[in-house]
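In what follows, a structure is listed as structure tokens, so that the remarks can point back to it.
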Amino acid sequence: MLTAAELSTKLREGGYRVTSQRLGVYQVLAGSGEHLTPERVLERVRELHPSMSLNTVYEVLETLTALGVIRRADVGAGPRRYDANVEPHHHLVCRSCGIQVDIPCETGRAPCMEPSSLDGFRVDEAQVTFFGLCSRCRDNA
């Protein structure tokens with residue numbers, strides 16, 4: 001997680017103004033340890049900024065994604081989510097409740113798993129997603 005000073009520096013270097021809304025959205029997402037939807041970010045950030053709109057949250061999330069300080073955690077299931085963990089990692093996704101859990105990569109670089117044939121592609125990012133049931137949903141089944 002970046003400090004407010006580190007995020008401010010990255011925003012300025014990227015040509016963006018440092019605003020309390022940008023800092024607040026990042027703080028909510030990074031502090032959650034979860035993969036949040038824009039709607040969940042809005043619910044939580046409204047404690048700091050009661051008048052913030054969903055449109056502003058989307059704009060801030062896309063700005064932070066463009067800067068590389070967060071990433072979209074689209075795993076092909078459910079709504080769009082964002083992740084403050086930008087280190088290479090994979091995901092576990094519960095088919096029942098939708099929770100997403102990070103699985104760190106052992107190699108320390110992306111992609112963490114190399115395909116057997118690249119057919120001329122230069123891979124610069126890989127996302128591996130494992131689907132199943134989390135322990136809570138499995139126990140309740």
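A note on labels: chains of the structure tokens are A, B, ... as shown, every chain counts residues from 1, and ligands are counted from 1 in their shown order.
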task = Just the helix (DSSP H, G or I) stuff from region 5-141 of chain A, please, per backbone DSSP, written as a VMD selection string.
result = chain A and resid 5 to 13 20 to 32 38 to 45 54 to 67 135 to 140
request  = For Leu92 (chain A), please output as a PyMOL selection string all residues within 10 Å (counting only C-alpha atoms; exclusion window: fewer than 4 positions along the same chain).
outcome  = chain A and resi 75+98-103+128-134
Filtering to C-alpha atoms, could you give me those residues as a CSV table (one decimal), in the first residue's frame?
```csv
chain,number,residue,atom,x,y,z
A,75,VAL,CA,-11.9,-12.5,-13.3
A,98,GLY,CA,-18.2,-14.3,-5.3
A,99,ILE,CA,-15.4,-13.6,-2.8
A,100,GLN,CA,-12.0,-13.2,-4.5
A,101,VAL,CA,-8.7,-14.1,-2.7
A,102,ASP,CA,-5.2,-13.3,-3.9
A,103,ILE,CA,-2.7,-16.1,-4.3
A,128,VAL,CA,-4.8,-17.0,-13.5
A,129,THR,CA,-8.2,-17.6,-11.8
A,130,PHE,CA,-9.2,-20.7,-9.9
A,131,PHE,CA,-12.9,-21.2,-9.3
A,132,GLY,CA,-14.5,-23.2,-6.5
A,133,LEU,CA,-16.2,-22.8,-3.2
A,134,CYS,CA,-14.7,-21.0,-0.2
```
What's around Arg80 (chain A) at 8 Å? Count only C-alpha atoms, leave out sequence neighbours fewer than 3 positions away in its own chain, and write the answer as a short mmCIF file (atom, residue, chain, number, x, y, z; two decimals) with N, CA and C atoms, in the first residue's frame.
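Output (result27.cif):
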```
data_model
loop_
_atom_site.label_atom_id
_atom_site.label_comp_id
_atom_site.auth_asym_id
_atom_site.auth_seq_id
_atom_site.Cartn_x
_atom_site.Cartn_y
_atom_site.Cartn_z
N THR A 37 -16.02 -3.52 -5.62
CA THR A 37 -16.72 -2.94 -6.76
C THR A 37 -16.74 -1.42 -6.56
N PRO A 38 -16.94 -0.66 -7.63
CA PRO A 38 -17.05 0.79 -7.47
C PRO A 38 -18.17 1.18 -6.49
N ARG A 72 -7.57 -3.45 -12.31
CA ARG A 72 -8.88 -4.08 -12.38
C ARG A 72 -8.71 -5.56 -12.08
N ALA A 73 -9.61 -6.08 -11.30
CA ALA A 73 -9.56 -7.49 -10.93
C ALA A 73 -10.72 -8.21 -11.59
N ASP A 74 -10.80 -8.09 -12.90
CA ASP A 74 -11.84 -8.77 -13.66
C ASP A 74 -11.45 -10.22 -13.84
#
```
task = Figure out the distance between CA of Val93 (chain A) and CA of Val41 (chain A), please, to one decimal in Å.
result = 19.5 Å
ask   = Restricting the calculation to only C-alpha atoms, which member of A:Leu11, A:Leu42, A:Met52, A:Val28 is positioned closest to Leu64 (chain A)?
value =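 Ranking A:Leu11, A:Leu42, A:Met52, A:Val28 by distance to Leu64 (chain A), first place goes to A:Leu11.
Candidate residues A:Cys105, A:Met1, A:Leu61, A:Leu48 were compared for distance to Arg22 (chain A), and the nearest is A:Leu61, using only C-alpha atoms.
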Computed interatomic separation between CA of Asp124 (chain A) and CA of Ala5 (chain A) (Å) = 28.6 Å
message = I need the residues in region 48-138 of chain A that are strand (DSSP E or B) according to DSSP; give them as a PyMOL selection string.
response = chain A and resi 71-72+82-83+89-94+100-104+129-132
ask   = Which distance in Å separates CA of Arg81 (chain A) and CA of Arg40 (chain A), to one decimal?
value = 9.4 Å
query = So which one's closest to Val57 (chain A), A:Ala84, A:Gly14, A:His90, A:Gln21? Using only C-alpha atoms, please.
reply =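 For Val57 (chain A), the nearest of the given residues is A:Gln21.
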